[in-house]
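One file, structure.cif, is given below (mmCIF, C-alpha atoms).
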data_upload
#
loop_
_atom_site.label_atom_id
_atom_site.label_comp_id
_atom_site.auth_asym_id
_atom_site.auth_seq_id
_atom_site.Cartn_x
_atom_site.Cartn_y
_atom_site.Cartn_z
CA MET A 1 55.35 10.32 -117.91
CA ARG A 2 58.81 10.93 -116.44
CA LYS A 3 60.37 8.62 -119.05
CA TYR A 4 58.97 10.68 -121.94
CA TYR A 5 60.01 13.91 -120.23
CA ARG A 6 63.61 12.75 -119.92
CA TYR A 7 63.66 11.53 -123.50
CA SER A 8 62.35 14.91 -124.71
CA LEU A 9 65.19 16.73 -122.92
CA LEU A 10 67.75 14.31 -124.39
CA VAL A 11 66.40 14.75 -127.92
CA PHE A 12 66.44 18.54 -127.56
CA MET A 13 70.05 18.57 -126.34
CA CYS A 14 71.11 16.31 -129.20
CA LEU A 15 69.47 18.67 -131.71
CA CYS A 16 71.30 21.61 -130.18
CA LEU A 17 74.68 19.92 -130.08
CA SER A 18 74.47 18.22 -133.49
CA SER A 19 74.07 21.57 -135.22
CA GLN A 20 77.18 22.81 -133.41
CA ALA A 21 79.46 19.89 -134.09
CA PHE A 22 81.37 21.99 -136.62
CA GLY A 23 82.23 25.66 -136.27
CA ALA A 24 81.06 26.06 -132.66
CA ARG A 25 82.85 28.34 -130.21
CA ILE A 26 83.52 26.59 -126.89
CA THR A 27 84.58 28.44 -123.73
CA PHE A 28 85.23 27.32 -120.16
CA ALA A 29 85.14 29.58 -117.07
CA PRO A 30 86.27 28.07 -113.72
CA ARG A 31 85.76 29.78 -110.33
CA LEU A 32 86.29 29.19 -106.63
CA SER A 33 84.82 30.78 -103.52
CA LEU A 34 85.72 30.40 -99.83
CA SER A 35 83.33 31.75 -97.22
CA GLU A 36 82.44 31.94 -93.56
CA GLU A 37 78.86 32.55 -92.44
CA TYR A 38 77.39 33.24 -89.01
CA THR A 39 73.73 32.60 -88.18
CA ASP A 40 72.00 33.18 -84.84
CA ASN A 41 69.21 30.69 -85.65
CA VAL A 42 70.68 27.79 -87.60
CA PHE A 43 67.48 25.68 -87.45
CA ARG A 44 65.08 28.62 -87.96
CA SER A 45 63.31 27.80 -84.69
CA LYS A 46 60.99 30.12 -82.77
CA ASP A 47 61.89 28.97 -79.25
CA ASN A 48 65.11 26.91 -79.54
CA ARG A 49 67.44 29.39 -81.16
CA GLU A 50 70.98 28.13 -81.74
CA GLU A 51 73.90 29.94 -83.36
CA ASP A 52 76.50 28.39 -85.64
CA PHE A 53 79.42 29.22 -87.92
CA ILE A 54 79.40 27.62 -91.37
CA SER A 55 82.53 27.38 -93.53
CA ARG A 56 82.11 26.64 -97.23
CA VAL A 57 84.45 25.66 -100.06
CA SER A 58 82.77 26.11 -103.43
CA PRO A 59 84.49 25.32 -106.74
CA GLY A 60 82.48 25.84 -109.91
CA ALA A 61 82.59 26.29 -113.66
CA THR A 62 80.53 27.28 -116.71
CA LEU A 63 80.82 25.66 -120.13
CA ASP A 64 79.44 27.58 -123.13
CA ILE A 65 78.99 26.15 -126.61
CA THR A 66 77.86 28.76 -129.12
CA GLY A 67 77.03 28.05 -132.74
CA LYS A 68 75.54 30.21 -135.44
CA GLU A 69 71.99 29.05 -134.78
CA SER A 70 72.21 27.16 -131.49
CA GLY A 71 73.76 27.48 -128.06
CA LEU A 72 74.25 25.56 -124.85
CA SER A 73 75.38 26.84 -121.43
CA LEU A 74 76.03 24.50 -118.52
CA SER A 75 76.98 25.65 -115.00
CA TYR A 76 77.81 23.58 -111.94
CA ASP A 77 78.70 24.81 -108.45
CA PRO A 78 79.16 22.18 -105.72
CA SER A 79 80.20 23.16 -102.20
CA TYR A 80 81.15 21.45 -98.98
CA ASN A 81 79.72 22.91 -95.76
CA PHE A 82 81.46 22.65 -92.37
CA TYR A 83 79.32 23.40 -89.26
CA ARG A 84 81.35 24.38 -86.19
CA ASN A 85 78.66 23.66 -83.54
CA ASN A 86 76.73 20.97 -85.42
CA PRO A 87 79.29 18.81 -87.24
CA ASP A 88 76.63 16.17 -87.96
CA LEU A 89 75.27 18.64 -90.54
CA ASN A 90 78.52 18.68 -92.55
CA SER A 91 77.52 17.86 -96.12
CA TRP A 92 77.80 18.57 -99.83
CA SER A 93 75.40 20.87 -101.62
CA HIS A 94 74.99 21.22 -105.37
CA ALA A 95 73.68 23.89 -107.75
CA ALA A 96 73.49 23.39 -111.50
CA SER A 97 71.78 25.02 -114.46
CA LEU A 98 71.42 24.30 -118.15
CA ASN A 99 70.24 26.71 -120.85
CA ALA A 100 69.94 25.70 -124.48
CA ARG A 101 68.45 27.19 -127.63
CA SER A 102 68.15 26.10 -131.22
CA GLN A 103 67.00 28.23 -134.16
CA PHE A 104 65.11 25.64 -136.23
CA THR A 105 63.95 28.15 -138.86
CA ARG A 106 64.13 31.91 -139.28
CA ASN A 107 61.03 32.43 -137.13
CA THR A 108 61.02 29.30 -134.96
CA GLN A 109 63.23 28.75 -131.93
CA GLY A 110 63.37 25.92 -129.41
CA PHE A 111 64.54 26.41 -125.85
CA LEU A 112 65.39 24.42 -122.74
CA ARG A 113 66.01 25.67 -119.19
CA ASP A 114 66.81 23.47 -116.22
CA THR A 115 67.88 24.38 -112.68
CA LEU A 116 68.84 21.97 -109.91
CA ILE A 117 69.59 22.62 -106.26
CA HIS A 118 70.43 20.12 -103.52
CA SER A 119 71.11 21.70 -100.14
CA GLU A 120 70.46 21.67 -96.40
CA ASP A 121 70.28 25.49 -96.26
CA PRO A 122 66.61 26.61 -95.95
CA ALA A 123 67.47 30.10 -97.22
CA LEU A 124 68.21 28.70 -100.69
CA ASP A 125 64.69 27.27 -101.06
CA GLN A 126 62.88 29.89 -103.12
CA SER A 127 59.39 28.37 -102.80
CA VAL A 128 56.89 30.90 -101.46
CA SER A 129 56.12 29.16 -98.15
CA GLY A 130 59.81 28.58 -97.38
CA ARG A 131 61.14 25.98 -94.96
CA THR A 132 62.69 25.56 -91.52
CA GLY A 133 65.26 23.12 -90.12
CA ARG A 134 68.43 21.85 -91.79
CA ASP A 135 67.21 18.68 -93.49
CA ALA A 136 68.46 18.24 -97.04
CA TYR A 137 66.12 18.80 -99.98
CA THR A 138 66.37 18.63 -103.75
CA ARG A 139 64.48 20.77 -106.26
CA ASN A 140 64.73 20.41 -110.02
CA ALA A 141 62.72 22.62 -112.39
CA ALA A 142 62.84 22.30 -116.17
CA VAL A 143 61.06 23.99 -119.07
CA VAL A 144 61.27 22.85 -122.70
CA GLY A 145 59.39 24.50 -125.53
CA ILE A 146 59.22 26.07 -128.96
CA THR A 147 58.23 29.57 -130.10
CA ASN A 148 57.11 30.66 -133.56
CA GLN A 149 57.10 34.37 -134.43
CA PHE A 150 54.67 35.09 -137.28
CA GLY A 151 54.60 38.86 -137.20
CA ALA A 152 56.11 41.83 -135.42
CA GLN A 153 53.86 41.27 -132.38
CA ASN A 154 52.39 37.84 -133.12
CA ALA A 155 53.78 34.66 -131.58
CA VAL A 156 52.70 31.22 -130.41
CA THR A 157 54.60 29.25 -127.76
CA LEU A 158 54.23 25.60 -126.79
CA GLN A 159 56.07 24.53 -123.66
CA TYR A 160 56.21 21.84 -121.01
CA SER A 161 57.29 22.44 -117.40
CA HIS A 162 58.39 19.70 -115.03
CA THR A 163 59.27 20.23 -111.35
CA GLU A 164 60.43 17.67 -108.81
CA TYR A 165 60.79 18.39 -105.07
CA ARG A 166 62.41 15.83 -102.80
CA ASP A 167 62.47 16.46 -99.05
CA TRP A 168 64.79 14.29 -96.98
CA SER A 169 63.09 15.11 -93.66
CA THR A 170 60.52 12.98 -91.81
CA PRO A 171 57.66 12.90 -92.67
CA ARG A 172 58.41 13.48 -96.36
CA ASP A 173 56.04 15.12 -98.81
CA ASP A 174 57.87 14.59 -102.08
CA SER A 175 56.13 16.03 -105.12
CA THR A 176 56.20 16.08 -108.91
CA THR A 177 54.29 18.49 -111.14
CA TYR A 178 53.70 18.23 -114.89
CA SER A 179 52.48 21.29 -116.77
CA PRO A 180 52.02 21.62 -120.56
CA GLU A 181 50.77 24.98 -121.85
CA VAL A 182 50.18 27.04 -124.99
CA ARG A 183 50.42 30.83 -125.29
CA LEU A 184 49.22 33.00 -128.18
CA ASP A 185 49.83 36.71 -128.82
CA TYR A 186 47.96 38.04 -131.82
CA TRP A 187 47.14 41.57 -133.01
CA PHE A 188 44.19 41.90 -135.38
CA THR A 189 44.97 45.52 -136.25
CA ARG A 190 47.42 48.18 -135.10
CA ARG A 191 45.04 49.09 -132.27
CA TRP A 192 43.34 45.81 -131.35
CA GLY A 193 45.02 42.62 -130.18
CA SER A 194 44.80 39.70 -127.78
CA ASP A 195 46.82 37.28 -125.70
CA ALA A 196 45.68 33.87 -124.50
CA LEU A 197 46.97 31.13 -122.20
CA LEU A 198 45.81 27.55 -121.73
CA ARG A 199 47.66 25.52 -119.07
CA TYR A 200 47.14 22.10 -117.48
CA THR A 201 48.98 21.13 -114.29
CA ARG A 202 48.99 17.79 -112.54
CA GLY A 203 50.51 17.51 -109.06
CA GLU A 204 51.49 14.21 -107.46
CA PHE A 205 52.46 14.11 -103.77
CA ASP A 206 53.44 11.58 -101.09
CA ILE A 207 51.27 13.20 -98.38
CA THR A 208 49.40 16.18 -99.84
CA GLU A 209 46.41 15.27 -102.00
CA ASP A 210 47.06 14.92 -105.74
CA PHE A 211 45.30 17.40 -108.01
CA GLU A 212 44.60 18.45 -111.59
CA ASN A 213 44.46 22.17 -112.36
CA THR A 214 43.31 23.63 -115.69
CA ARG A 215 43.56 27.36 -116.36
CA ALA A 216 42.34 29.43 -119.32
CA ASP A 217 43.18 33.13 -119.55
CA LEU A 218 42.15 35.52 -122.35
CA ARG A 219 42.75 39.25 -122.72
CA LEU A 220 41.34 41.58 -125.40
CA LEU A 221 43.78 44.50 -125.77
CA TYR A 222 43.33 48.04 -127.02
CA ASN A 223 46.48 50.03 -127.81
CA TYR A 224 45.46 53.43 -126.42
CA SER A 225 48.90 54.97 -126.95
CA ARG A 226 52.52 54.00 -127.51
CA HIS A 227 52.92 53.38 -123.77
CA THR A 228 49.45 52.23 -122.67
CA ASN A 229 47.29 49.19 -123.39
CA TRP A 230 43.78 48.87 -121.96
CA PHE A 231 42.36 45.38 -121.67
CA VAL A 232 39.33 43.28 -120.79
CA ARG A 233 40.22 39.93 -119.29
CA TYR A 234 38.54 36.67 -118.40
CA ALA A 235 40.38 33.99 -116.39
CA HIS A 236 38.87 30.62 -115.48
CA THR A 237 40.50 27.94 -113.30
CA VAL A 238 39.21 24.43 -112.59
CA MET A 239 40.78 22.67 -109.58
CA THR A 240 40.06 18.95 -109.24
CA TYR A 241 41.42 17.01 -106.27
CA LEU A 242 41.98 13.28 -106.68
CA GLY A 243 40.66 12.60 -103.17
CA ASP A 244 38.17 13.97 -100.65
CA SER A 245 38.90 17.72 -100.80
CA ASP A 246 36.31 20.06 -102.27
CA ASP A 247 36.77 20.70 -105.98
CA TYR A 248 36.20 24.27 -107.10
CA GLN A 249 36.27 26.71 -110.01
CA LEU A 250 37.58 30.27 -110.07
CA TYR A 251 35.95 32.92 -112.28
CA TYR A 252 37.70 36.26 -112.69
CA PRO A 253 36.45 38.79 -115.27
CA SER A 254 38.32 42.08 -115.01
CA ILE A 255 39.25 45.33 -116.70
CA GLY A 256 42.66 47.00 -116.47
CA PHE A 257 45.65 48.57 -118.16
CA ASP A 258 49.40 48.09 -118.79
CA TYR A 259 51.51 51.25 -118.69
CA THR A 260 55.19 51.27 -119.74
CA PRO A 261 56.43 54.83 -120.37
CA ASP A 262 60.10 53.77 -120.56
CA GLU A 263 62.43 50.88 -119.78
CA THR A 264 62.73 51.97 -116.12
CA THR A 265 59.01 52.09 -115.33
CA SER A 266 56.11 49.65 -115.63
CA LEU A 267 52.65 49.46 -114.09
CA SER A 268 49.87 46.92 -114.55
CA LEU A 269 46.54 47.14 -112.73
CA GLU A 270 43.22 45.31 -113.02
CA ALA A 271 40.01 44.94 -111.00
CA GLY A 272 36.94 42.74 -111.11
CA PRO A 273 34.71 40.27 -109.25
CA LEU A 274 36.36 37.02 -108.12
CA ILE A 275 34.03 34.05 -107.70
CA ARG A 276 35.08 30.75 -106.13
CA ALA A 277 32.43 28.08 -106.76
CA TYR A 278 32.79 24.85 -104.77
CA SER A 279 31.30 21.50 -105.72
CA ASP A 280 29.95 20.77 -102.21
CA ARG A 281 29.48 24.10 -100.44
CA LYS A 282 28.46 27.72 -100.82
CA GLU A 283 30.17 29.96 -103.37
CA GLU A 284 32.50 32.76 -102.28
CA TYR A 285 32.26 36.22 -103.85
CA GLY A 286 34.50 39.24 -103.66
CA THR A 287 36.04 42.11 -105.60
CA SER A 288 39.77 41.82 -106.23
CA VAL A 289 42.32 44.36 -107.41
CA PHE A 290 45.56 42.84 -108.70
CA GLY A 291 48.59 44.64 -110.05
CA GLU A 292 52.33 45.03 -110.30
CA GLY A 293 54.53 48.10 -110.51
CA ARG A 294 58.28 48.63 -110.88
CA LYS A 295 60.42 51.75 -111.01
CA THR A 296 64.19 52.25 -111.31
CA TRP A 297 66.03 55.53 -110.83
CA PRO A 298 69.52 55.32 -112.37
CA PHE A 299 72.28 57.60 -111.08
CA LYS A 300 75.81 58.28 -112.14
CA ARG A 301 77.27 55.87 -109.57
CA GLY A 302 74.37 53.57 -108.86
CA SER A 303 70.64 53.04 -108.95
CA LEU A 304 67.55 52.88 -106.78
CA SER A 305 64.63 50.59 -107.54
CA ALA A 306 61.23 49.85 -105.98
CA PHE A 307 58.44 47.35 -106.63
CA VAL A 308 54.93 46.48 -105.49
CA ARG A 309 52.99 43.29 -106.32
CA ASN A 310 49.51 42.02 -105.50
CA GLY A 311 47.93 38.88 -106.90
CA LEU A 312 46.74 35.28 -106.62
CA ASP A 313 48.85 32.12 -107.03
CA TYR A 314 49.37 28.52 -105.90
CA ASP A 315 51.98 27.08 -103.54
CA TYR A 316 52.87 23.53 -104.56
CA ALA A 317 56.08 21.63 -105.28
CA SER A 318 57.45 23.10 -102.04
CA ALA A 319 58.22 22.02 -98.48
CA GLN A 320 54.65 22.76 -97.31
CA ASN A 321 52.32 22.70 -100.37
CA LEU A 322 49.78 25.18 -98.96
CA GLY A 323 47.63 25.60 -102.07
CA LEU A 324 45.85 28.77 -103.19
CA TYR A 325 47.04 32.05 -101.67
CA TYR A 326 46.71 35.81 -102.08
CA TYR A 327 49.93 37.81 -101.88
CA THR A 328 51.04 41.40 -101.48
CA SER A 329 54.67 42.49 -101.43
CA VAL A 330 56.53 45.78 -101.53
CA GLY A 331 60.23 46.53 -101.41
CA GLY A 332 63.25 48.29 -102.81
CA ASN A 333 66.94 48.00 -103.56
CA ALA A 334 69.81 50.47 -103.81
CA VAL A 335 73.22 49.95 -105.43
CA TYR A 336 76.09 52.44 -105.17
CA ASN A 337 79.64 52.39 -106.53
CA PHE A 338 81.80 54.21 -104.00
CA GLN A 339 84.81 53.87 -106.29
CA GLU A 340 85.91 51.72 -109.19
CA ASP A 341 86.70 48.67 -107.06
CA LEU A 342 84.24 49.14 -104.16
CA SER A 343 80.44 48.89 -104.34
CA GLY A 344 77.60 48.48 -101.88
CA ASN A 345 73.94 47.49 -101.82
CA LEU A 346 70.97 47.91 -99.52
CA SER A 347 67.57 46.14 -99.74
CA ALA A 348 64.33 45.78 -97.78
CA SER A 349 60.94 44.17 -98.43
CA TYR A 350 57.65 43.25 -96.78
CA GLY A 351 55.33 40.45 -97.86
CA TYR A 352 51.86 39.31 -96.83
CA ASN A 353 50.44 35.93 -97.87
CA ALA A 354 46.95 34.59 -97.12
CA TYR A 355 46.74 30.81 -97.62
CA VAL A 356 42.99 30.36 -98.05
CA ASP A 357 43.10 26.60 -98.71
CA GLN A 358 44.31 25.90 -95.18
CA SER A 359 41.93 25.17 -92.31
CA PRO A 360 42.07 27.40 -90.41
CA GLU A 361 43.34 29.88 -92.96
CA ARG A 362 47.00 30.79 -92.52
CA TYR A 363 48.39 34.33 -92.75
CA ASP A 364 52.10 35.12 -93.02
CA ASN A 365 53.90 38.45 -92.65
CA THR A 366 57.51 38.42 -93.86
CA PHE A 367 60.11 41.13 -93.30
CA ARG A 368 63.48 41.03 -95.06
CA ALA A 369 66.43 43.39 -95.05
CA GLY A 370 70.01 43.21 -96.19
CA MET A 371 73.16 45.15 -96.96
CA GLY A 372 76.48 44.29 -98.47
CA LEU A 373 79.87 45.44 -99.68
CA ARG A 374 81.94 44.09 -102.58
CA TYR A 375 85.63 44.94 -102.96
CA LEU A 376 87.57 44.02 -106.10
CA VAL A 377 91.03 43.08 -104.82
CA ALA A 378 92.34 42.25 -108.29
CA TYR A 379 90.88 41.38 -111.67
CA TYR A 380 90.69 37.74 -110.54
CA CYS A 381 89.64 38.17 -106.88
CA ALA A 382 86.79 39.85 -104.96
CA LEU A 383 85.81 40.14 -101.28
CA ASN A 384 82.13 40.12 -100.23
CA LEU A 385 80.65 41.11 -96.86
CA ASN A 386 76.88 40.77 -96.43
CA TYR A 387 74.30 41.01 -93.67
CA SER A 388 70.71 39.74 -93.94
CA PHE A 389 67.67 39.69 -91.65
CA TYR A 390 64.58 37.50 -92.06
CA ASP A 391 61.50 37.65 -89.80
CA LEU A 392 58.42 35.46 -90.38
CA ILE A 393 55.29 36.20 -88.31
CA SER A 394 52.55 33.64 -88.92
CA THR A 395 49.22 32.45 -87.55
CA ASP A 396 50.91 29.02 -87.57
CA ASP A 397 53.12 29.25 -84.47
CA ASN A 398 55.28 26.33 -85.62
CA GLN A 399 56.48 28.36 -88.63
CA GLU A 400 57.45 31.59 -86.87
CA PHE A 401 61.12 32.54 -86.53
CA TYR A 402 63.61 35.31 -87.11
CA GLU A 403 67.23 35.02 -88.19
CA ASN A 404 70.30 37.22 -88.62
CA ARG A 405 73.11 36.16 -90.95
CA VAL A 406 76.56 37.61 -91.63
CA TYR A 407 78.54 36.38 -94.64
CA LEU A 408 82.22 36.94 -95.47
CA GLY A 409 83.62 35.39 -98.62
CA VAL A 410 86.38 35.61 -101.19
CA SER A 411 85.88 34.65 -104.85
CA PHE A 412 88.45 33.78 -107.49
CA TYR A 413 87.69 33.73 -111.22
CA THR A 414 89.30 34.29 -114.59
CA ARG A 415 89.32 37.68 -116.32
CA SER A 416 87.73 36.05 -119.36
CA PRO A 417 86.72 32.44 -120.14
CA TYR A 418 89.26 30.03 -121.59
CA VAL A 419 88.62 29.48 -125.30
CA LEU A 420 88.69 25.76 -126.04
CA ARG A 421 87.56 26.19 -129.63
CA LYS A 422 87.20 29.40 -131.63
#

Let me see the file written as structure tokens.
Amino acid sequence: MRKYYRYSLLVFMCLCLSSQAFGARITFAPRLSLSEEYTDNVFRSKDNREEDFISRVSPGATLDITGKESGLSLSYDPSYNFYRNNPDLNSWSHAASLNARSQFTRNTQGFLRDTLIHSEDPALDQSVSGRTGRDAYTRNAAVVGITNQFGAQNAVTLQYSHTEYRDWSTPRDDSTTYSPEVRLDYWFTRRWGSDALLRYTRGEFDITEDFENTRADLRLLYNYSRHTNWFVRYAHTVMTYLGDSDDYQLYYPSIGFDYTPDETTSLSLEAGPLIRAYSDRKEEYGTSVFGEGRKTWPFKRGSLSAFVRNGLDYDYASAQNLGLYYYTSVGGNAVYNFQEDLSGNLSASYGYNAYVDQSPERYDNTFRAGMGLRYLVAYYCALNLNYSFYDLISTDDNQEFYENRVYLGVSFYTRSPYVLRK
């Protein structure tokens, strides 16, 4: 499977680049950052808190190749990390991304996105369950697909997602997930439409049990007004474990609406019965209300934004692989430009996750807060000062911790990318 995945990425890149061999614009943008960071809990431990100072040297660059109908952007940012109190942790970390597109026909476009991170810093792991300690890990996530637009609001998308997680700690629970899917948006009339999703995911793990997950999701939409769509939805998930765990199916019929009055506001809300039917034990019933809302208030010198989310998802391809969970999160962010070369930001959020596949069930409460200042010294140089706070309160005592971080860094970059070919 991995062999065909890699070949598909190679073929896609060749298609993108071959169409740009002549007449492509090529630009190159180098950068460099030097930073010092203080943490009062370098290993994210509940009882054995230890402070450290981490110095980083981070060169980087972005290469852009832009043709009339195709494009490719490649970024790479390595860094070397020096630990004052724990020199055995000194190491390289790497961050890279690739974005490519190719316009095969007027209405058909192919795309490729790939992100790679290799680091010992747990704060850079964006998986929902997070991680503790300072063991190195590698995460690579790629999506390749093709979209055909066959009307103003009608489109079909075929895509394949591939994620690999490698954990260099002991014991290791390395994982690989494969996920092909098809999406269809189709409007029968000006008022009535639909969207549909069919996705298959296979997860392979070193410790956690392998699984196969199939999800079908269909919505019938009614365009009530220019800003509001009402919908009736049915979502069905089949989870099959390739071992001894209980297989189950999720049934979720619901009714709801999407409301988007302007580009600064959006609200989606739905409610219905959620049924979880196991193969070897009693079914679970409940009524669930899921939704998401966002609002931004722009000002002359800045903006204020807020969000709220509530839903159901899976945690896999992560450090812990905790399975099905319910989540609720709320937070906000403020940005203000004090003057032309000085800006600041302030953020805070709260999250609650219920991991219902764990025995006993695990419940996490996460508090985050941060603030920062950015000062533009010159057109090629900027200073950044940031503070962040992270507090995880969990029913799993081994995962609880809190951490304060202070970051001071200077960045150098070019005013505009170097043009290698016009």

Identify all residues satisfying the PyMOL selection byres ((chain A and resi 422) around 8) in the given file; provide them as number ranges by chain. A: 23-26, 419-421

Produce a file of the selected residues containing C-alpha atoms, as a short mmCIF file (atom, residue, chain, number, x, y, z; two decimals), in the coordinates of the input.
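Okay, out.cif is ready:
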data_model
loop_
_atom_site.label_atom_id
_atom_site.label_comp_id
_atom_site.auth_asym_id
_atom_site.auth_seq_id
_atom_site.Cartn_x
_atom_site.Cartn_y
_atom_site.Cartn_z
CA GLY A 23 82.23 25.66 -136.27
CA ALA A 24 81.06 26.06 -132.66
CA ARG A 25 82.85 28.34 -130.21
CA ILE A 26 83.52 26.59 -126.89
CA VAL A 419 88.62 29.48 -125.30
CA LEU A 420 88.69 25.76 -126.04
CA ARG A 421 87.56 26.19 -129.63
#

Report, in Å with one decimal, the straight-line distance from atom CA of A:Lys46 to atom CA of A:Thr132.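 Going from atom CA of A:Lys46 over to atom CA of A:Thr132 covers 10.0 Å.
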
Skip stretch 349-366 of chain A itself and residues of its chain fewer than 3 positions away, then list as a list in words all residues within 7 Å of it, counting only C-alpha atoms.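 Final neighbour list, sorted by chain and number: Leu322, Gly323, Leu324, Tyr325, Tyr326, Tyr327, Thr328, Ser329, Val330, Gly331, Gly332, Ala369, Asp391, Leu392, Ile393, Ser394, Thr395 and Asp396 of chain A.
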
Could you write out as a ChimeraX atom specification the residues that the PyMOL selection byres ((chain A and resi 264) around 10) matches in the shown file? /A:260-263,265-266,294-298,305

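If you count all atoms listed in the file and ignore residues fewer than 4 places along the chain from A:Phe104, what sits within 9 Å of it is Glu69, Ser70, Thr108, Gln109 and Gly110 of chain A.
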
To one decimal place, how far is atom CA of A:Tyr38 from atom CA of A:Asn337 in Å? 26.1 Å

Rank nothing, just name the residue among A:Thr170, A:Thr237, A:Ser93, A:Thr27 nearest to A:Leu198, using all atoms listed in the file.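 Counting all atoms listed in the file, the residue closest to A:Leu198 is A:Thr237.
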
How far is it from atom CA of A:Ala348 to atom CA of A:Phe367, in Å with one decimal?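 Between atom CA of A:Ala348 and atom CA of A:Phe367 the gap works out to 7.7 Å.
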